[in-house]
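As provided, model05.txt (compact mmCIF, C-alpha atoms) reads as follows.
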```
# COMPACT_ATOMS: atom_id res chain seq x y z
CA MET A 243 -66.71 220.23 -242.09
CA ARG A 244 -67.46 222.64 -239.28
CA ALA A 245 -65.82 221.97 -235.92
CA LEU A 246 -68.13 220.33 -233.43
CA LEU A 247 -70.00 222.54 -231.00
CA GLY A 248 -67.62 223.91 -228.42
CA ASP A 249 -64.60 224.01 -230.75
CA ASN A 250 -63.56 227.61 -231.13
CA PRO A 251 -61.82 227.80 -234.52
CA TYR A 252 -59.61 230.69 -233.37
CA GLN A 253 -58.38 228.56 -230.47
CA VAL A 254 -57.91 225.50 -232.69
CA LEU A 255 -55.68 227.54 -235.01
CA GLY A 256 -54.08 229.47 -232.14
CA ILE A 257 -54.89 232.94 -233.47
CA GLU A 258 -56.53 236.13 -232.22
CA ARG A 259 -60.13 237.05 -233.09
CA ASP A 260 -58.94 239.95 -235.25
CA ALA A 261 -56.40 237.87 -237.21
CA THR A 262 -55.91 238.85 -240.84
CA GLU A 263 -56.54 236.44 -243.73
CA ALA A 264 -52.79 235.91 -244.12
CA GLU A 265 -52.45 235.10 -240.41
CA ILE A 266 -55.33 232.60 -240.61
CA LYS A 267 -53.74 230.89 -243.60
CA ARG A 268 -50.30 230.81 -241.99
CA ALA A 269 -51.76 229.34 -238.75
CA TYR A 270 -53.68 226.73 -240.76
CA PHE A 271 -50.59 225.52 -242.62
CA THR A 272 -48.56 225.53 -239.41
CA ARG A 273 -51.18 223.28 -237.76
CA VAL A 274 -51.34 221.08 -240.88
CA ARG A 275 -47.63 220.36 -240.47
CA GLU A 276 -48.31 219.32 -236.88
CA HIS A 277 -51.37 217.25 -237.85
CA PRO A 278 -50.92 215.98 -241.43
CA PRO A 279 -53.85 213.90 -242.78
CA GLU A 280 -51.76 210.74 -243.29
CA ARG A 281 -50.42 210.62 -239.72
CA ASP A 282 -53.17 212.32 -237.72
CA PRO A 283 -56.47 212.21 -239.66
CA ASP A 284 -58.62 213.31 -236.71
CA GLY A 285 -56.29 216.19 -235.88
CA PHE A 286 -56.28 217.24 -239.53
CA LYS A 287 -60.11 217.14 -239.71
CA ARG A 288 -60.29 219.42 -236.67
CA VAL A 289 -57.76 221.88 -238.10
CA ARG A 290 -59.39 221.85 -241.53
CA ALA A 291 -62.86 222.39 -239.98
CA ALA A 292 -61.55 225.40 -238.07
CA TYR A 293 -59.98 226.81 -241.24
CA GLU A 294 -63.21 226.27 -243.21
CA GLN A 295 -65.03 228.34 -240.62
CA LEU A 296 -62.67 231.26 -241.06
CA ARG A 297 -61.23 231.14 -244.59
CA ALA A 298 -63.95 233.15 -246.38
CA SER A 299 -65.50 236.38 -245.15
CA LYS A 300 -69.08 235.03 -245.26
CA GLU A 301 -68.21 231.92 -243.24
CA ARG A 302 -66.13 233.96 -240.82
CA ALA A 303 -68.98 236.42 -240.20
CA GLU A 304 -71.32 233.49 -239.51
CA THR A 305 -68.81 231.84 -237.18
CA ASP A 306 -68.20 235.10 -235.31
CA LEU A 307 -71.93 235.57 -234.87
CA PHE A 308 -72.33 232.23 -233.08
CA LEU A 309 -69.18 232.25 -230.96
CA ILE A 310 -70.12 232.38 -227.31
CA ASP A 311 -67.17 234.30 -225.86
CA GLU A 312 -67.33 238.08 -225.58
CA PRO A 313 -66.08 239.77 -228.74
CA SER A 314 -63.78 242.78 -228.57
CA PRO A 315 -64.99 246.09 -230.15
CA ALA A 316 -62.33 245.71 -232.84
CA HIS A 317 -63.65 242.25 -233.58
CA VAL A 318 -67.26 243.48 -233.90
CA LEU A 319 -66.12 246.00 -236.51
CA ALA A 320 -64.11 243.33 -238.33
CA SER A 321 -67.16 241.05 -238.27
CA LEU A 322 -69.36 243.73 -239.83
CA ARG A 323 -66.77 244.22 -242.57
CA HIS A 324 -66.75 240.45 -243.25
CA ALA A 325 -70.56 240.39 -243.57
CA ASP A 326 -70.51 243.14 -246.18
CA VAL A 327 -71.18 240.93 -249.22
CA GLU A 328 -73.57 241.42 -252.13
CA PRO A 329 -76.83 239.40 -251.63
CA PRO A 330 -78.02 237.22 -254.55
CA PRO A 331 -81.05 238.39 -256.60
CA MET A 332 -84.42 237.22 -255.18
CA THR A 333 -87.27 235.56 -257.04
CA ARG A 334 -90.46 233.91 -255.75
CA GLU A 335 -88.89 230.50 -256.32
CA THR A 336 -85.66 231.30 -254.47
CA ILE A 337 -87.64 232.73 -251.53
CA LEU A 338 -89.78 229.58 -251.32
CA THR A 339 -86.91 227.13 -251.53
CA ASP A 340 -84.85 229.22 -249.12
CA LEU A 341 -87.72 229.14 -246.62
CA LEU A 342 -87.99 225.36 -246.89
CA ALA A 343 -84.24 224.96 -246.55
CA LEU A 344 -84.32 227.38 -243.62
CA GLU A 345 -86.89 225.19 -241.83
CA GLY A 346 -84.44 222.33 -242.14
CA ILE A 347 -81.58 224.50 -240.89
CA PHE A 348 -83.61 225.50 -237.82
CA VAL A 349 -84.15 221.84 -236.97
CA LEU A 350 -80.41 221.20 -237.44
CA GLU A 351 -79.62 224.12 -235.12
CA GLU A 352 -81.94 222.61 -232.49
CA LEU A 353 -80.07 219.33 -232.86
CA ARG A 354 -76.74 221.11 -232.43
CA SER A 355 -77.92 222.83 -229.25
CA HIS A 356 -79.07 219.45 -227.84
CA ALA A 357 -75.65 218.01 -228.67
CA GLY A 358 -74.04 220.84 -226.68
CA LEU B 283 -85.39 212.73 -230.20
CA LYS B 284 -82.20 213.15 -232.19
CA GLY B 285 -83.38 210.68 -234.86
CA ASP B 286 -86.77 212.42 -235.15
CA LYS B 287 -85.15 215.83 -235.47
CA ILE B 288 -82.79 214.86 -238.24
CA LYS B 289 -85.64 213.10 -240.06
CA LYS B 290 -87.68 216.31 -239.82
CA ALA B 291 -84.75 218.40 -241.12
CA LEU B 292 -84.18 215.96 -243.97
CA LYS B 293 -87.86 216.08 -244.93
CA HIS B 294 -87.65 219.88 -245.23
CA PHE B 295 -84.45 219.58 -247.22
CA GLU B 296 -85.95 216.97 -249.54
CA ARG B 297 -88.90 219.23 -250.31
CA ALA B 298 -86.58 222.18 -250.92
CA ALA B 299 -84.27 220.05 -253.07
CA ALA B 300 -87.14 218.68 -255.20
CA PHE B 301 -87.62 221.95 -257.01
CA GLY B 302 -84.68 223.94 -255.71
CA SER B 303 -81.81 225.35 -257.70
CA LEU B 304 -78.24 224.06 -257.70
CA GLU B 305 -77.46 226.76 -255.16
CA THR B 306 -80.14 225.38 -252.81
CA LEU B 307 -78.81 221.84 -253.19
CA ILE B 308 -75.25 222.97 -252.50
CA SER B 309 -76.29 224.96 -249.42
CA ILE B 310 -78.22 221.94 -248.07
CA VAL B 311 -75.09 219.83 -248.52
CA GLY B 312 -73.02 222.50 -246.75
CA GLU B 313 -75.47 222.79 -243.85
CA LEU B 314 -75.58 219.03 -243.30
CA ILE B 315 -71.79 218.75 -243.44
CA ASP B 316 -71.43 221.66 -241.03
CA ALA B 317 -73.76 219.91 -238.61
CA ASP B 318 -71.63 216.76 -238.92
CA TYR B 319 -74.16 214.80 -241.01
CA GLY B 320 -71.86 214.08 -243.91
CA GLU B 321 -73.54 210.76 -244.68
CA GLU B 322 -76.97 212.43 -244.90
CA ALA B 323 -75.48 215.09 -247.20
CA GLN B 324 -74.36 212.50 -249.74
CA PRO B 325 -77.77 211.91 -251.46
CA PHE B 326 -78.21 215.66 -251.95
CA LEU B 327 -74.76 215.91 -253.46
CA ASP B 328 -75.53 212.92 -255.71
CA GLN B 329 -78.76 214.67 -256.73
CA ALA B 330 -76.81 217.84 -257.58
CA LEU B 331 -74.33 215.83 -259.66
CA ALA B 332 -77.14 214.00 -261.47
CA ARG B 333 -79.16 217.12 -262.21
CA TYR B 334 -76.24 219.37 -263.08
CA PRO B 335 -73.60 216.99 -264.50
CA HIS B 336 -71.85 219.70 -266.50
CA HIS B 337 -71.68 222.25 -263.71
CA PRO B 338 -68.37 222.39 -261.83
CA GLU B 339 -69.92 223.40 -258.49
CA PRO B 340 -71.10 219.95 -257.27
CA HIS B 341 -67.65 218.55 -258.08
CA VAL B 342 -66.06 221.32 -256.03
CA ALA B 343 -68.43 220.47 -253.15
CA ARG B 344 -67.44 216.81 -253.37
CA ALA B 345 -63.73 217.72 -253.55
CA THR B 346 -64.12 219.89 -250.45
CA MET B 347 -65.76 216.95 -248.66
CA TRP B 348 -62.78 214.76 -249.55
CA LEU B 349 -60.33 217.43 -248.45
CA ASP B 350 -62.16 217.87 -245.13
CA GLU B 351 -61.70 214.14 -244.61
CA GLY B 352 -58.01 214.40 -245.44
CA ARG B 353 -58.44 212.26 -248.58
CA LEU B 354 -56.15 214.29 -250.79
CA ALA B 355 -55.94 212.03 -253.85
CA GLU B 356 -59.74 211.83 -254.18
CA ALA B 357 -60.06 215.59 -253.66
CA ARG B 358 -57.46 216.27 -256.35
CA SER B 359 -59.10 213.98 -258.87
CA GLU B 360 -62.54 215.58 -258.28
CA LEU B 361 -60.99 219.02 -258.71
CA GLU B 362 -59.41 217.99 -262.02
CA GLN B 363 -62.89 217.14 -263.27
CA ALA B 364 -64.32 220.41 -261.93
CA GLU B 365 -61.50 222.33 -263.59
CA ARG B 366 -62.19 220.72 -266.98
CA LEU B 367 -65.88 221.69 -266.71
CA ALA B 368 -65.17 225.20 -265.44
CA ALA B 369 -62.67 225.88 -268.22
CA ARG B 370 -65.46 225.46 -270.82
CA SER B 371 -67.20 228.73 -270.05
CA SER B 372 -66.18 232.18 -268.88
CA GLU B 373 -69.24 232.26 -266.60
CA TYR B 374 -67.31 229.88 -264.30
CA ALA B 375 -64.29 232.18 -263.98
CA GLU B 376 -64.87 232.69 -260.27
CA ILE B 377 -65.32 228.96 -259.62
CA LEU B 378 -62.17 228.30 -261.60
CA GLU B 379 -60.29 230.58 -259.24
CA ASP B 380 -61.67 228.65 -256.24
CA ILE B 381 -60.69 225.36 -257.87
CA ARG B 382 -57.14 226.54 -258.43
CA ALA B 383 -56.90 227.83 -254.86
CA LEU B 384 -58.10 224.46 -253.56
CA LYS B 385 -55.61 222.62 -255.77
CA GLN B 386 -52.84 224.83 -254.43
CA GLU B 387 -54.00 224.19 -250.87
CA ILE B 388 -53.93 220.41 -251.41
CA LYS B 389 -50.42 220.68 -252.84
CA GLN B 390 -49.22 222.59 -249.75
CA VAL B 391 -50.98 220.19 -247.35
CA GLN B 392 -49.31 217.25 -249.07
CA ARG B 393 -45.90 218.93 -249.06
CA LEU B 394 -46.15 219.85 -245.36
CA GLY B 395 -47.17 216.26 -244.55
CA GLU B 396 -44.10 214.96 -246.38
CA LEU B 397 -41.82 217.39 -244.53
CA GLY B 398 -42.82 215.94 -241.16
CA PRO B 399 -42.79 217.87 -237.88
CA PRO B 400 -40.35 220.82 -237.76
CA PRO B 401 -37.14 220.37 -235.73
CA PRO B 402 -37.17 222.27 -232.40
CA GLY B 403 -36.44 225.97 -232.82
CA MET B 404 -37.15 225.92 -236.55
CA PRO B 405 -40.16 227.73 -238.13
CA ALA B 406 -43.03 225.34 -238.94
CA LEU B 407 -43.44 226.61 -242.50
CA PRO B 408 -40.96 226.36 -245.36
CA PRO B 409 -39.43 229.73 -246.48
CA GLU B 410 -41.53 230.06 -249.67
CA LEU B 411 -44.77 229.84 -247.67
CA LEU B 412 -43.51 232.31 -245.09
CA ARG B 413 -42.52 234.69 -247.92
CA LEU B 414 -45.96 234.27 -249.51
CA PHE B 415 -47.81 235.19 -246.31
CA GLY B 416 -45.46 238.10 -245.69
CA LYS B 417 -46.36 239.43 -249.14
CA GLN B 418 -50.10 238.93 -248.56
CA ALA B 419 -49.96 240.70 -245.19
CA GLY B 420 -48.14 243.61 -246.84
CA ARG B 421 -50.83 243.87 -249.54
CA GLY B 422 -53.69 243.87 -247.02
```
Turn the structure described in the file into structure tokens.
Amino acid sequence: MRALLGDNPYQVLGIERDATEAEIKRAYFTRVREHPPERDPDGFKRVRAAYEQLRASKERAETDLFLIDEPSPAHVLASLRHADVEPPPMTRETILTDLLALEGIFVLEELRSHAG
Amino acid sequence: LKGDKIKKALKHFERAAAFGSLETLISIVGELIDADYGEEAQPFLDQALARYPHHPEPHVARATMWLDEGRLAEARSELEQAERLAARSSEYAEILEDIRALKQEIKQVQRLGELGPPPPGMPALPPELLRLFGKQAGRG
């Protein structure tokens, strides 16, 4: 689950914007020890949500795109590298369903901005 | 306003899901979860499981939902099922890797929970995890 609006996943995990994958993973497990699910379920959900936003390159690129604070030049380059993934093949059907799903996503984004 | 908006989003999603692929269904589930509408995501996940019962992906999505909630036992059991399905075909090799990574993650989360908070001045992670990350950083 993605952290609620306003939660910066880098801050939740206590890492820099240009952290490597290994650093992200290490920070995640460190936080998990501080907030294990059995003793601190809400803390764990927050930590897990932050990790989900950063664990894969696609998710990280998306997260970086929507973070409000000013990115560093090194971070912009890192973000471009993360976004460099092969797009899936397109057919008429996938375009149509993607457009419909996109409409829904736009409405969700509006909702998120109202929540903020 | 909030209720109307989510209804509108769900209507779009329902239309997309009606003739959409498994990928569409899974991304709808992901989007709703990301926006903190886990309950609304459930019917789409159920639909994915009903329409693609032998595909490991919806089980992985459900396991991830459980893990996000900190419900480790449920997540593990869902992953076992996903692993059995993924092992049937080589086309799921990539998913199988994700499943194994998630299983490993759950194991570590459980272990760290059992260890309890680290004593003052001691590293938070056990030596084998620290060694693992050291190795990964060296590779990258």
At most 9 Å is the cut-off: for each residue in chain A with any atom that close to an atom of chain B, write down the nearest atom pair and the distance in Å rounded to one decimal, counting only C-alpha atoms, chain first then increasing number, as a tab-separated table.
```
residue	atom	partner	partner_atom	distance
A:Met243	CA	B:Asp316	CA	5.0
A:Arg244	CA	B:Asp316	CA	4.4
A:Ala245	CA	B:Asp316	CA	7.6
A:Leu246	CA	B:Asp318	CA	7.4
A:Leu247	CA	B:Ala317	CA	8.9
A:Thr262	CA	B:Ala419	CA	7.6
A:Glu263	CA	B:Ala419	CA	8.0
A:Ala264	CA	B:Phe415	CA	5.5
A:Glu265	CA	B:Phe415	CA	7.5
A:Lys267	CA	B:Phe415	CA	7.8
A:Arg268	CA	B:Phe415	CA	6.6
A:Phe271	CA	B:Val391	CA	7.1
A:Thr272	CA	B:Ala406	CA	5.6
A:Arg273	CA	B:Ala406	CA	8.5
A:Val274	CA	B:Val391	CA	6.5
A:Arg275	CA	B:Leu394	CA	5.1
A:Glu276	CA	B:Pro399	CA	5.8
A:His277	CA	B:Gly395	CA	8.0
A:Pro278	CA	B:Gly395	CA	4.9
A:Pro279	CA	B:Gly352	CA	5.0
A:Glu280	CA	B:Gly395	CA	7.3
A:Arg281	CA	B:Gly395	CA	8.1
A:Pro283	CA	B:Gly352	CA	6.4
A:Asp284	CA	B:Glu351	CA	8.5
A:Phe286	CA	B:Gly352	CA	6.8
A:Lys287	CA	B:Asp350	CA	5.8
A:Arg288	CA	B:Asp350	CA	8.8
A:Arg290	CA	B:Asp350	CA	6.0
A:Ala291	CA	B:Asp350	CA	6.9
A:Glu294	CA	B:Asp350	CA	8.7
A:Glu335	CA	B:Gly302	CA	7.8
A:Thr336	CA	B:Gly302	CA	7.5
A:Leu338	CA	B:Ala298	CA	8.1
A:Thr339	CA	B:Ala298	CA	5.0
A:Asp340	CA	B:Thr306	CA	7.1
A:Leu341	CA	B:Ala298	CA	8.3
A:Leu342	CA	B:Ala298	CA	5.3
A:Ala343	CA	B:Phe295	CA	5.4
A:Leu344	CA	B:His294	CA	8.4
A:Glu345	CA	B:His294	CA	6.4
A:Gly346	CA	B:Ala291	CA	4.1
A:Ile347	CA	B:Ala291	CA	6.9
A:Phe348	CA	B:Ala291	CA	7.9
A:Val349	CA	B:Ala291	CA	5.4
A:Leu350	CA	B:Ala291	CA	6.3
A:Glu351	CA	B:Ala317	CA	8.0
A:Glu352	CA	B:Lys287	CA	8.1
A:Leu353	CA	B:Lys284	CA	6.6
A:Arg354	CA	B:Ala317	CA	7.0
A:His356	CA	B:Lys284	CA	8.3
A:Ala357	CA	B:Lys284	CA	8.9
```
| request: In Å, rounded to a single decimal, give me how far atom CA of B:Arg358 is from atom CA of B:Arg413. | output: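 Between atom CA of B:Arg413 and atom CA of B:Arg358 the gap works out to 25.2 Å.
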| message | Just the number, please: distance in Å from atom CA of A:Pro331 to atom CA of B:Pro325, one decimal. | response |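 Computing the Euclidean distance for atom CA of A:Pro331 and atom CA of B:Pro325 yields 27.2 Å.
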| query | Could you name the residues that touch stretch 330-336 of chain B at 10 Å or less, counting all atoms listed in the file, but leaving out those on the same chain fewer than 3 positions away, as JSON, numbers by chain? | reply | {"B": [299, 303, 304, 305, 306, 307, 308, 311, 324, 325, 326, 327, 339, 340, 341, 343, 344, 363, 364, 366, 367, 368, 370]}
| query | Mind pulling up the distance from atom CA of A:Asn250 to atom CA of A:Leu309? | reply | 7.3 Å
